[in-house]
$ cat coords_39.cif   # mmCIF, C-alpha atoms
data_protein
loop_
_atom_site.group_PDB
_atom_site.id
_atom_site.type_symbol
_atom_site.label_atom_id
_atom_site.label_comp_id
_atom_site.auth_asym_id
_atom_site.auth_seq_id
_atom_site.Cartn_x
_atom_site.Cartn_y
_atom_site.Cartn_z
ATOM 1 C CA MET A 1 -106.350 11.841 187.182
ATOM 2 C CA THR A 2 -102.751 13.075 187.144
ATOM 3 C CA THR A 3 -101.229 10.925 184.418
ATOM 4 C CA LEU A 4 -102.268 8.822 181.454
ATOM 5 C CA THR A 5 -100.770 5.403 180.719
ATOM 6 C CA ILE A 6 -98.302 5.474 177.840
ATOM 7 C CA GLU A 7 -99.291 2.764 175.380
ATOM 8 C CA ALA A 8 -96.650 0.307 174.131
ATOM 9 C CA SER A 9 -96.184 1.789 170.654
ATOM 10 C CA TYR A 10 -95.331 5.205 172.103
ATOM 11 C CA GLU A 11 -92.999 3.638 174.680
ATOM 12 C CA ALA A 12 -91.209 1.777 171.904
ATOM 13 C CA ALA A 13 -90.788 4.941 169.830
ATOM 14 C CA ILE A 14 -89.397 6.851 172.805
ATOM 15 C CA ALA A 15 -87.033 3.972 173.616
ATOM 16 C CA ARG A 16 -85.726 4.084 170.029
ATOM 17 C CA GLU A 17 -85.249 7.846 170.312
ATOM 18 C CA TRP A 18 -83.409 7.491 173.621
ATOM 19 C CA GLY A 19 -81.133 4.965 171.943
ATOM 20 C CA ARG A 20 -80.388 7.406 169.110
ATOM 21 C CA LEU A 21 -79.777 10.178 171.614
ATOM 22 C CA ALA A 22 -77.276 8.162 173.643
ATOM 23 C CA ARG A 23 -75.269 6.656 170.783
ATOM 24 C CA PRO A 24 -72.511 8.432 168.856
ATOM 25 C CA GLY A 25 -74.071 10.362 166.005
ATOM 26 C CA THR A 26 -72.643 11.570 162.719
ATOM 27 C CA TRP A 27 -70.755 14.614 164.052
ATOM 28 C CA PHE A 28 -71.198 14.431 167.841
ATOM 29 C CA THR A 29 -70.359 11.784 170.451
ATOM 30 C CA GLY A 30 -72.966 10.314 172.801
ATOM 31 C CA PRO A 31 -71.934 12.613 175.690
ATOM 32 C CA GLN A 32 -72.087 15.604 173.338
ATOM 33 C CA ARG A 33 -75.552 14.638 172.071
ATOM 34 C CA LEU A 34 -76.801 14.375 175.637
ATOM 35 C CA ALA A 35 -75.219 17.724 176.479
ATOM 36 C CA ILE A 36 -77.168 19.239 173.570
ATOM 37 C CA ALA A 37 -80.349 17.672 174.975
ATOM 38 C CA ARG A 38 -79.634 19.040 178.456
ATOM 39 C CA GLN A 39 -79.111 22.527 177.027
ATOM 40 C CA ALA A 40 -82.361 22.239 175.079
ATOM 41 C CA ARG A 41 -84.348 21.315 178.171
ATOM 42 C CA ALA A 42 -82.658 24.024 180.231
ATOM 43 C CA ALA A 43 -83.433 26.639 177.594
ATOM 44 C CA VAL A 44 -87.134 25.796 177.703
ATOM 45 C CA ALA A 45 -87.030 26.014 181.507
ATOM 46 C CA GLU A 46 -85.111 29.304 181.163
ATOM 47 C CA GLU A 47 -82.328 27.911 183.328
ATOM 48 C CA PRO A 48 -78.564 27.679 182.909
ATOM 49 C CA VAL A 49 -76.797 24.319 182.815
ATOM 50 C CA GLU A 50 -73.112 23.402 182.617
ATOM 51 C CA THR A 51 -72.169 21.286 179.608
ATOM 52 C CA PRO A 52 -68.381 21.307 179.127
ATOM 53 C CA GLN A 53 -68.714 18.598 176.441
ATOM 54 C CA ILE A 54 -69.898 21.124 173.814
ATOM 55 C CA THR A 55 -68.809 24.552 172.579
ATOM 56 C CA GLU A 56 -70.600 27.832 173.187
ATOM 57 C CA THR A 57 -71.600 27.864 169.520
ATOM 58 C CA VAL A 58 -73.305 24.483 169.843
ATOM 59 C CA ILE A 59 -74.996 25.646 173.057
ATOM 60 C CA THR A 60 -76.282 28.800 171.334
ATOM 61 C CA ALA A 61 -77.768 26.757 168.494
ATOM 62 C CA ALA A 62 -79.363 24.171 170.785
ATOM 63 C CA ARG A 63 -80.951 26.747 173.064
ATOM 64 C CA ALA A 64 -82.325 28.865 170.194
ATOM 65 C CA ILE A 65 -83.859 25.878 168.423
ATOM 66 C CA ALA A 66 -85.377 24.617 171.667
ATOM 67 C CA ALA A 67 -86.837 27.802 173.093
ATOM 68 C CA THR A 68 -87.218 30.447 170.391
ATOM 69 C CA PRO A 69 -87.277 28.718 166.997
ATOM 70 C CA SER A 70 -89.558 31.238 165.297
ATOM 71 C CA ASP A 71 -87.098 34.021 166.165
ATOM 72 C CA ILE A 72 -84.239 32.380 164.237
ATOM 73 C CA ARG A 73 -83.147 34.345 161.187
ATOM 74 C CA ALA A 74 -80.670 33.770 158.369
ATOM 75 C CA SER A 75 -78.137 36.045 160.071
ATOM 76 C CA ASP A 76 -78.264 33.906 163.235
ATOM 77 C CA VAL A 77 -77.499 30.720 161.325
ATOM 78 C CA GLN A 78 -74.786 32.412 159.267
ATOM 79 C CA GLY A 79 -73.317 33.721 162.518
ATOM 80 C CA LEU A 80 -73.079 30.168 163.860
ATOM 81 C CA PHE A 81 -71.355 29.043 160.670
ATOM 82 C CA GLN A 82 -68.901 31.970 160.892
ATOM 83 C CA GLN A 83 -68.057 30.813 164.409
ATOM 84 C CA GLY A 84 -67.016 27.459 162.973
ATOM 85 C CA LEU A 85 -70.149 25.348 163.176
ATOM 86 C CA ALA A 86 -70.531 23.196 160.047
ATOM 87 C CA GLY A 87 -73.861 23.006 158.260
ATOM 88 C CA ALA A 88 -74.148 19.285 158.938
ATOM 89 C CA GLU A 89 -73.400 19.844 162.638
ATOM 90 C CA TYR A 90 -76.242 22.387 162.763
ATOM 91 C CA ILE A 91 -78.531 19.799 161.193
ATOM 92 C CA GLU A 92 -77.548 17.176 163.780
ATOM 93 C CA ILE A 93 -78.219 19.635 166.630
ATOM 94 C CA LEU A 94 -81.579 20.437 165.018
ATOM 95 C CA GLY A 95 -82.525 16.769 164.831
ATOM 96 C CA ILE A 96 -81.599 16.087 168.458
ATOM 97 C CA VAL A 97 -83.421 19.141 169.833
ATOM 98 C CA ALA A 98 -86.526 18.823 167.654
ATOM 99 C CA ARG A 99 -87.122 15.140 168.444
ATOM 100 C CA LEU A 100 -86.491 15.734 172.148
ATOM 101 C CA ARG A 101 -89.154 18.424 172.034
ATOM 102 C CA ALA A 102 -91.583 15.945 170.467
ATOM 103 C CA VAL A 103 -91.033 13.461 173.281
ATOM 104 C CA ASP A 104 -91.116 16.107 176.015
ATOM 105 C CA THR A 105 -94.346 17.726 174.808
ATOM 106 C CA PHE A 106 -96.004 14.316 174.531
ATOM 107 C CA GLU A 107 -94.910 13.386 178.045
ATOM 108 C CA PHE A 108 -95.889 16.780 179.446
ATOM 109 C CA GLY A 109 -99.397 16.214 178.124
ATOM 110 C CA MET A 110 -99.506 12.678 179.473
ATOM 111 C CA GLY A 111 -98.350 13.890 182.882
ATOM 112 C CA THR A 112 -95.094 11.905 182.826
ATOM 113 C CA PHE A 113 -92.563 14.671 182.040
ATOM 114 C CA PRO A 114 -89.628 14.741 182.486
ATOM 115 C CA ARG A 115 -88.281 11.337 181.503
ATOM 116 C CA ALA A 116 -84.677 10.902 182.647
ATOM 117 C CA LEU A 117 -82.238 11.227 179.764
ATOM 118 C CA PRO A 118 -80.316 8.055 178.877
ATOM 119 C CA LEU A 119 -76.697 7.401 179.796
ATOM 120 C CA PRO A 120 -74.294 8.083 176.931
ATOM 121 C CA ILE A 121 -72.771 5.270 174.927
ATOM 122 C CA ASP A 122 -69.054 5.488 174.138
ATOM 123 C CA GLY A 123 -67.775 5.646 170.605
ATOM 124 C CA GLU A 124 -66.786 8.001 167.846
ATOM 125 C CA PRO A 125 -69.173 9.803 165.470
ATOM 126 C CA SER A 126 -69.247 8.406 161.946
ATOM 127 C CA ARG A 127 -68.327 11.758 160.321
ATOM 128 C CA THR A 128 -70.095 10.622 157.157
ATOM 129 C CA LEU A 129 -70.383 13.612 154.860
ATOM 130 C CA VAL A 130 -73.290 13.699 152.402
ATOM 131 C CA ALA A 131 -71.613 15.233 149.372
ATOM 132 C CA GLU A 132 -74.815 16.157 147.536
ATOM 133 C CA ALA A 133 -76.214 18.228 150.442
ATOM 134 C CA LYS A 134 -76.272 21.941 149.622
ATOM 135 C CA LEU A 135 -78.226 25.113 150.310
ATOM 136 C CA ASP A 136 -81.523 24.757 148.444
ATOM 137 C CA GLY A 137 -84.316 26.931 149.768
ATOM 138 C CA GLY A 138 -83.088 26.781 153.364
ATOM 139 C CA TRP A 139 -80.415 28.313 155.586
ATOM 140 C CA ALA A 140 -78.573 25.012 156.044
ATOM 141 C CA PRO A 141 -77.819 22.199 153.601
ATOM 142 C CA THR A 142 -80.396 19.653 152.506
ATOM 143 C CA VAL A 143 -80.524 16.972 149.843
ATOM 144 C CA GLY A 144 -83.114 18.413 147.486
ATOM 145 C CA ALA A 145 -85.181 21.482 148.275
ATOM 146 C CA ALA A 146 -85.690 22.251 151.962
ATOM 147 C CA PHE A 147 -89.053 20.751 152.939
ATOM 148 C CA PRO A 148 -90.444 18.875 155.942
ATOM 149 C CA THR A 149 -89.320 15.516 154.619
ATOM 150 C CA THR A 150 -85.820 16.716 153.646
ATOM 151 C CA ALA A 151 -85.085 19.036 156.551
ATOM 152 C CA LEU A 152 -82.516 16.717 158.130
ATOM 153 C CA SER A 153 -81.419 14.943 154.945
ATOM 154 C CA ALA A 154 -77.859 16.278 155.148
ATOM 155 C CA VAL A 155 -77.430 13.904 158.100
ATOM 156 C CA PRO A 156 -79.404 10.790 157.116
ATOM 157 C CA PRO A 157 -79.643 9.145 160.578
ATOM 158 C CA GLU A 158 -81.240 12.347 161.881
ATOM 159 C CA ASN A 159 -83.795 12.330 159.055
ATOM 160 C CA GLU A 160 -84.547 8.647 159.744
ATOM 161 C CA GLY A 161 -85.114 9.524 163.408
ATOM 162 C CA MET A 162 -87.530 12.286 162.419
ATOM 163 C CA GLU A 163 -89.461 9.885 160.172
ATOM 164 C CA ASP A 164 -89.601 7.348 163.014
ATOM 165 C CA ILE A 165 -91.070 9.855 165.474
ATOM 166 C CA ALA A 166 -93.498 11.258 162.887
ATOM 167 C CA GLY A 167 -94.742 7.770 162.054
ATOM 168 C CA ALA A 168 -95.246 6.876 165.722
ATOM 169 C CA PHE A 169 -96.701 10.172 166.942
ATOM 170 C CA TYR A 170 -98.684 11.351 163.896
ATOM 171 C CA ILE A 171 -98.738 9.431 160.634
ATOM 172 C CA SER A 172 -95.994 8.142 158.365
ATOM 173 C CA ILE A 173 -94.996 9.824 155.122
ATOM 174 C CA THR A 174 -96.715 7.057 153.159
ATOM 175 C CA GLU A 175 -99.948 7.631 155.129
ATOM 176 C CA MET A 176 -100.010 11.383 154.416
ATOM 177 C CA ALA A 177 -102.254 10.945 151.395
ATOM 178 C CA ASP A 178 -104.880 9.056 153.447
ATOM 179 C CA LEU A 179 -107.233 11.856 154.494
ATOM 180 C CA GLY A 180 -109.628 9.386 156.130
ATOM 181 C CA ILE A 181 -107.095 7.686 158.395
ATOM 182 C CA VAL A 182 -108.009 7.150 162.062
ATOM 183 C CA ARG A 183 -105.284 6.595 164.680
ATOM 184 C CA GLY A 184 -106.735 7.365 168.102
ATOM 185 C CA LEU A 185 -108.009 10.557 166.475
ATOM 186 C CA GLN A 186 -109.615 11.050 163.085
ATOM 187 C CA ARG A 187 -107.357 12.687 160.508
ATOM 188 C CA ASP A 188 -109.296 15.960 160.703
ATOM 189 C CA GLN A 189 -108.872 15.974 164.484
ATOM 190 C CA MET A 190 -105.134 15.377 164.055
ATOM 191 C CA GLU A 191 -104.978 18.309 161.637
ATOM 192 C CA VAL A 192 -106.700 20.507 164.231
ATOM 193 C CA VAL A 193 -103.812 19.700 166.594
ATOM 194 C CA ALA A 194 -101.239 20.259 163.857
ATOM 195 C CA ALA A 195 -102.617 23.624 162.811
ATOM 196 C CA ARG A 196 -103.188 24.841 166.359
ATOM 197 C CA THR A 197 -99.700 23.786 167.554
ATOM 198 C CA SER A 198 -98.123 25.526 164.572
ATOM 199 C CA LEU A 199 -100.180 28.670 165.214
ATOM 200 C CA ILE A 200 -99.009 28.814 168.830
ATOM 201 C CA ASN A 201 -95.419 28.326 167.677
ATOM 202 C CA ASP A 202 -95.661 31.016 164.963
ATOM 203 C CA CYS A 203 -94.716 28.421 162.347
ATOM 204 C CA PHE A 204 -96.320 29.583 159.113
ATOM 205 C CA PHE A 205 -95.414 26.702 156.779
ATOM 206 C CA MET B 1 -99.852 26.269 160.196
ATOM 207 C CA LEU B 2 -101.085 26.924 156.701
ATOM 208 C CA ALA B 3 -100.248 23.520 155.218
ATOM 209 C CA HIS B 4 -102.098 21.703 157.983
ATOM 210 C CA SER B 5 -105.033 24.116 157.879
ATOM 211 C CA SER B 6 -105.240 23.112 154.252
ATOM 212 C CA MET B 7 -105.124 19.418 155.218
ATOM 213 C CA LEU B 8 -107.825 20.067 157.830
ATOM 214 C CA ARG B 9 -110.032 21.521 155.117
ATOM 215 C CA ALA B 10 -109.331 18.566 152.839
ATOM 216 C CA SER B 11 -109.793 15.843 155.462
ATOM 217 C CA SER B 12 -112.885 17.067 157.333
ATOM 218 C CA PRO B 13 -115.383 16.089 154.561
ATOM 219 C CA LYS B 14 -114.129 12.503 154.942
ATOM 220 C CA PHE B 15 -115.762 12.632 158.383
ATOM 221 C CA GLY B 16 -118.923 14.380 157.263
ATOM 222 C CA VAL B 17 -118.140 17.977 158.199
ATOM 223 C CA VAL B 18 -116.709 21.094 156.595
ATOM 224 C CA ALA B 19 -114.110 22.530 158.941
ATOM 225 C CA GLN B 20 -114.243 26.228 159.706
ATOM 226 C CA LEU B 21 -110.550 27.110 159.537
ATOM 227 C CA ALA B 22 -111.062 30.458 161.230
ATOM 228 C CA GLY B 23 -111.693 28.508 164.422
ATOM 229 C CA ILE B 24 -108.032 27.498 164.628
ATOM 230 C CA LYS B 25 -107.081 31.109 165.244
ATOM 231 C CA ASP B 26 -110.305 32.473 166.740
ATOM 232 C CA LEU B 27 -111.575 30.323 169.609
ATOM 233 C CA SER B 28 -115.015 31.957 169.418
ATOM 234 C CA VAL B 29 -115.514 30.185 166.055
ATOM 235 C CA ASP B 30 -116.489 26.492 166.170
ATOM 236 C CA VAL B 31 -114.091 24.526 163.962
ATOM 237 C CA GLY B 32 -116.873 21.996 163.447
ATOM 238 C CA VAL B 33 -114.687 18.928 163.911
ATOM 239 C CA ILE B 34 -115.831 16.481 166.606
ATOM 240 C CA GLY B 35 -114.315 17.400 169.961
ATOM 241 C CA ALA B 36 -112.164 20.178 168.518
ATOM 242 C CA ARG B 37 -112.699 22.474 171.489
ATOM 243 C CA PHE B 38 -111.410 19.840 173.922
ATOM 244 C CA ILE B 39 -108.604 18.768 171.616
ATOM 245 C CA MET B 40 -107.337 22.329 171.206
ATOM 246 C CA ALA B 41 -107.528 23.099 174.932
ATOM 247 C CA ALA B 42 -105.415 20.045 175.751
ATOM 248 C CA ALA B 43 -102.946 20.669 172.932
ATOM 249 C CA ASP B 44 -102.593 24.319 173.959
ATOM 250 C CA ALA B 45 -101.814 23.371 177.552
ATOM 251 C CA ALA B 46 -99.164 20.846 176.488
ATOM 252 C CA VAL B 47 -97.452 23.125 173.975
ATOM 253 C CA LEU B 48 -97.544 26.113 176.321
ATOM 254 C CA ARG B 49 -96.361 23.969 179.277
ATOM 255 C CA ASP B 50 -99.350 25.106 181.324
ATOM 256 C CA ASP B 51 -99.629 22.444 183.999
ATOM 257 C CA ILE B 52 -102.550 24.200 185.691
ATOM 258 C CA GLU B 53 -104.748 24.333 182.558
ATOM 259 C CA LEU B 54 -103.603 20.881 181.551
ATOM 260 C CA VAL B 55 -105.254 19.031 184.441
ATOM 261 C CA ASP B 56 -108.804 20.042 183.526
ATOM 262 C CA ALA B 57 -108.180 20.091 179.776
ATOM 263 C CA ARG B 58 -106.830 16.539 179.786
ATOM 264 C CA ALA B 59 -109.641 15.263 182.015
ATOM 265 C CA GLN B 60 -112.281 16.846 179.769
ATOM 266 C CA LEU B 61 -110.664 15.448 176.632
ATOM 267 C CA VAL B 62 -110.533 11.948 178.125
ATOM 268 C CA ALA B 63 -114.177 12.239 179.205
ATOM 269 C CA GLU B 64 -115.189 13.426 175.736
ATOM 270 C CA LEU B 65 -113.082 11.258 173.407
ATOM 271 C CA GLY B 66 -111.260 8.691 175.565
ATOM 272 C CA GLU B 67 -107.676 8.012 176.635
ATOM 273 C CA ALA B 68 -106.401 6.876 173.242
ATOM 274 C CA ALA B 69 -107.591 10.128 171.676
ATOM 275 C CA ALA B 70 -105.973 12.157 174.443
ATOM 276 C CA ALA B 71 -102.681 10.325 173.996
ATOM 277 C CA ARG B 72 -102.812 10.898 170.225
ATOM 278 C CA THR B 73 -103.567 14.584 170.799
ATOM 279 C CA PHE B 74 -100.377 14.970 172.851
ATOM 280 C CA ALA B 75 -98.396 12.848 170.403
ATOM 281 C CA VAL B 76 -99.487 14.920 167.406
ATOM 282 C CA ALA B 77 -98.744 18.114 169.316
ATOM 283 C CA GLY B 78 -95.277 16.714 170.036
ATOM 284 C CA ASN B 79 -94.774 15.819 166.395
ATOM 285 C CA PHE B 80 -95.548 19.367 165.311
ATOM 286 C CA GLU B 81 -93.349 20.847 168.001
ATOM 287 C CA MET B 82 -90.639 18.860 166.200
ATOM 288 C CA MET B 83 -91.671 19.789 162.669
ATOM 289 C CA ASN B 84 -92.130 23.482 163.521
ATOM 290 C CA ARG B 85 -88.536 23.586 164.768
ATOM 291 C CA LEU B 86 -87.176 21.844 161.672
ATOM 292 C CA LEU B 87 -88.843 24.360 159.387
ATOM 293 C CA ASP B 88 -88.197 27.507 161.422
ATOM 294 C CA ALA B 89 -84.527 26.670 161.995
ATOM 295 C CA LEU B 90 -84.074 26.212 158.237
ATOM 296 C CA GLY B 91 -86.118 29.260 157.277
ATOM 297 C CA VAL B 92 -88.761 27.334 155.351
ATOM 298 C CA GLY B 93 -91.965 29.342 154.997
ATOM 299 C CA PRO B 94 -95.291 28.805 153.254
ATOM 300 C CA MET B 95 -95.215 27.368 149.756
ATOM 301 C CA GLY B 96 -97.539 27.544 146.776
ATOM 302 C CA PRO B 97 -101.292 27.498 147.374
ATOM 303 C CA THR B 98 -100.992 27.692 151.162
ATOM 304 C CA ALA B 99 -99.717 31.256 150.832
ATOM 305 C CA LYS B 100 -103.173 32.187 149.446
ATOM 306 C CA LEU B 101 -104.781 30.581 152.466
ATOM 307 C CA ALA B 102 -102.970 33.076 154.708
ATOM 308 C CA GLU B 103 -104.893 35.883 153.050
ATOM 309 C CA GLU B 104 -108.200 34.053 153.568
ATOM 310 C CA LEU B 105 -107.438 33.519 157.263
ATOM 311 C CA GLY B 106 -106.164 37.039 157.792
ATOM 312 C CA ILE B 107 -102.691 35.862 158.719
ATOM 313 C CA GLU B 108 -99.781 38.133 157.941
ATOM 314 C CA VAL B 109 -96.875 35.961 156.858
ATOM 315 C CA PRO B 110 -93.377 37.275 157.676
ATOM 316 C CA THR B 111 -90.922 37.785 154.845
ATOM 317 C CA HIS B 112 -87.703 36.494 156.384
ATOM 318 C CA PHE B 113 -87.885 32.951 155.002
ATOM 319 C CA ALA B 114 -85.246 31.400 152.752
ATOM 320 C CA ASN B 115 -87.694 30.017 150.173
#

$ encode --input "coords_39.cif" --output "structure tokens"
Amino acid sequence: MTTLTIEASYEAAIAREWGRLARPGTWFTGPQRLAIARQARAAVAEEPVETPQITETVITAARAIAATPSDIRASDVQGLFQQGLAGAEYIEILGIVARLRAVDTFEFGMGTFPRALPLPIDGEPSRTLVAEAKLDGGWAPTVGAAFPTTALSAVPPENEGMEDIAGAFYISITEMADLGIVRGLQRDQMEVVAARTSLINDCFF
Amino acid sequence: MLAHSSMLRASSPKFGVVAQLAGIKDLSVDVGVIGARFIMAAADAAVLRDDIELVDARAQLVAELGEAAAARTFAVAGNFEMMNRLLDALGVGPMGPTAKLAEELGIEVPTHFAN
């Protein structure tokens, strides 16, 4: 057996993510969002890639988040901000790269990686600033204290995308309290995967 | 890692077992959860991008728990690849009671976090 069949609910979630990736975001255009995704994949493969659509600062952020997230320190993020990257832009890059990683790891396991990235959709980013977002227990702005559910809250469409992937791939926020839930795996089996993945990634949360 | 180790401890009695959390870090310890050895081998191969280990690990997981379980294993691994990045890129470390769990599991938690 070389691949597993991707069931419809996963296909639908990935299709929604590919739509988000291709469309103009809050601070980046569709071509820029795809350039961020290409840099993220190239960083994991330890390869260079040309992406003239985005700045070196954006490339640095995308590659670090993709390939060496546990090595990121406050000084790295502050350095990006000093080079002109806005906090909300950092959050959008984070959302794009993190959700791409979710899809790519799933597809690697299934034997279907890599899925071709979508074609970009023209249009301008919304540039919708969330005024209440501020530094609160994290290195970049969040609405409320930095926490898994608020990590991308400074750019609401990115947070909604994260909730969509989490609900499709793991369990939804509203299902978190259900310790007896079964979705392909029992909840305790899912937590084995969660804890083991986080251990490998040196994520201590 | 610590928050979901805590959730593993809390959820395993719902399925009639008491999870041995040490087994997440030390593969010589049986976690006690059904199929955990096969689940972890497949998740490890996907997260580490080990396409050689993956072939056997995925086949064994499918044989043990079925295709739907294998797909969910890779999906959950993907989800936590996402969540790990969100937290690490924001500098969010362990909170509250999970910090005590680190001591129990013999895990040294770094001190660079923002919270």

$ resolve_selection --input "coords_39.cif" --expression "the PyMOL selection byres ((chain A and resi 17) around 10)" --output "ChimeraX atom specification"
/A:11-16,18-22,96,99-100,103,118,161-162,164-165

$ closest_residue --input "coords_39.cif" --among "B:Leu61, B:Met7, B:Ala75, B:Ala114" --to "Leu87 in chain B" --atoms "all atoms listed in the file"
B:Ala114

$ residues_around --input "coords_39.cif" --residues "Leu101 in chain B" --least-positions-apart "4" --cutoff "12 Å" --atoms "all atoms listed in the file" --output "JSON, numbers by chain"
{"A": [204, 205], "B": [1, 2, 3, 4, 5, 6, 7, 9, 21, 22, 94, 95, 96, 97, 105, 106, 107, 108, 109]}

$ residues_around --input "coords_39.cif" --residues "Met83 in chain B" --least-positions-apart "5" --cutoff "10 Å" --atoms "all atoms listed in the file" --output "count of residues only"
18

$ closest_residue --input "coords_39.cif" --among "A:Ile72, A:Ile91, A:Ala195, A:Leu34" --to "Thr150 in chain A" --atoms "all atoms listed in the file"
A:Ile91

$ closest_residue --input "coords_39.cif" --among "A:Glu56, A:Glu132, A:Glu107, A:Glu124" --to "chain B" --atoms "all atoms listed in the file"
A:Glu107

$ residues_around --input "coords_39.cif" --residues "Ala42 in chain B" --least-positions-apart "4" --cutoff "7 Å" --atoms "only C-alpha atoms" --output "NGL selection string"
:B and (38 or 46 or 54 or 57-58)

$ write_last_selection --input "coords_39.cif" --atoms "C-alpha atoms" --output "CSV table (one decimal), keeping the file's coordinate frame"
chain,number,residue,atom,x,y,z
B,38,PHE,CA,-111.4,19.8,173.9
B,46,ALA,CA,-99.2,20.8,176.5
B,54,LEU,CA,-103.6,20.9,181.6
B,57,ALA,CA,-108.2,20.1,179.8
B,58,ARG,CA,-106.8,16.5,179.8

$ residues_around --input "coords_39.cif" --residues "Ile121 in chain A" --least-positions-apart "3" --cutoff "7 Å" --atoms "only C-alpha atoms" --output "list in words"
Ala22, Arg23, Pro24 and Gly30 of chain A

$ atom_distance --input "coords_39.cif" --atom1 "CA of Ala69 in chain B" --atom2 "CA of Arg183 in chain A"
8.2 Å

$ resolve_selection --input "coords_39.cif" --expression "the PyMOL selection byres ((chain A and resi 37) around 9)" --output "PyMOL selection string"
chain A and resi 21+32-36+38-42+62+93+96-97+100+117

$ closest_residue --input "coords_39.cif" --among "A:Pro31, A:Gly184, A:Gly167, A:Pro125" --to "Ala70 in chain B" --atoms "all atoms listed in the file"
A:Gly184

$ residues_around --input "coords_39.cif" --residues "Thr57 in chain A" --least-positions-apart "4" --cutoff "9 Å" --atoms "only C-alpha atoms" --output "PyMOL selection string"
chain A and resi 61-62+80-81+83-85

$ residues_near_point --input "coords_39.cif" --point "(-81.6, 30.8, 161.1)" --cutoff "7 Å" --atoms "only C-alpha atoms" --output "number ranges by chain"
A: 72-77, 139; B: 89-91

$ closest_residue --input "coords_39.cif" --among "B:Asn115, B:Gln60, B:Thr98, B:Ser28" --to "chain A" --atoms "only C-alpha atoms"
B:Asn115

$ axis_aligned_box --input "coords_39.cif" --around "range 145-154 of chain A" --padding-each-side "6 Å" --output "lines of an AutoDock Vina configuration file"
center_x = -84.2
center_y = 18.6
center_z = 153.2
size_x = 24.6
size_y = 19.3
size_z = 21.9

$ atom_distance --input "coords_39.cif" --atom1 "CA of Ala131 in chain A" --atom2 "CA of Phe147 in chain A"
18.6 Å

$ closest_residue --input "coords_39.cif" --among "A:Gly109, A:Gly79, A:Pro141, A:Pro156" --to "chain B" --atoms "all atoms listed in the file"
A:Gly109

$ residues_near_point --input "coords_39.cif" --point "(-110.4, 21.3, 169.6)" --cutoff "12 Å" --atoms "only C-alpha atoms" --output "ChimeraX atom specification"
/A:185,188-197 /B:19-21,23-45,57-58,60-61,64-65,69-70,73

$ atom_distance --input "coords_39.cif" --atom1 "CA of Asp71 in chain A" --atom2 "CA of Glu103 in chain B"
22.2 Å
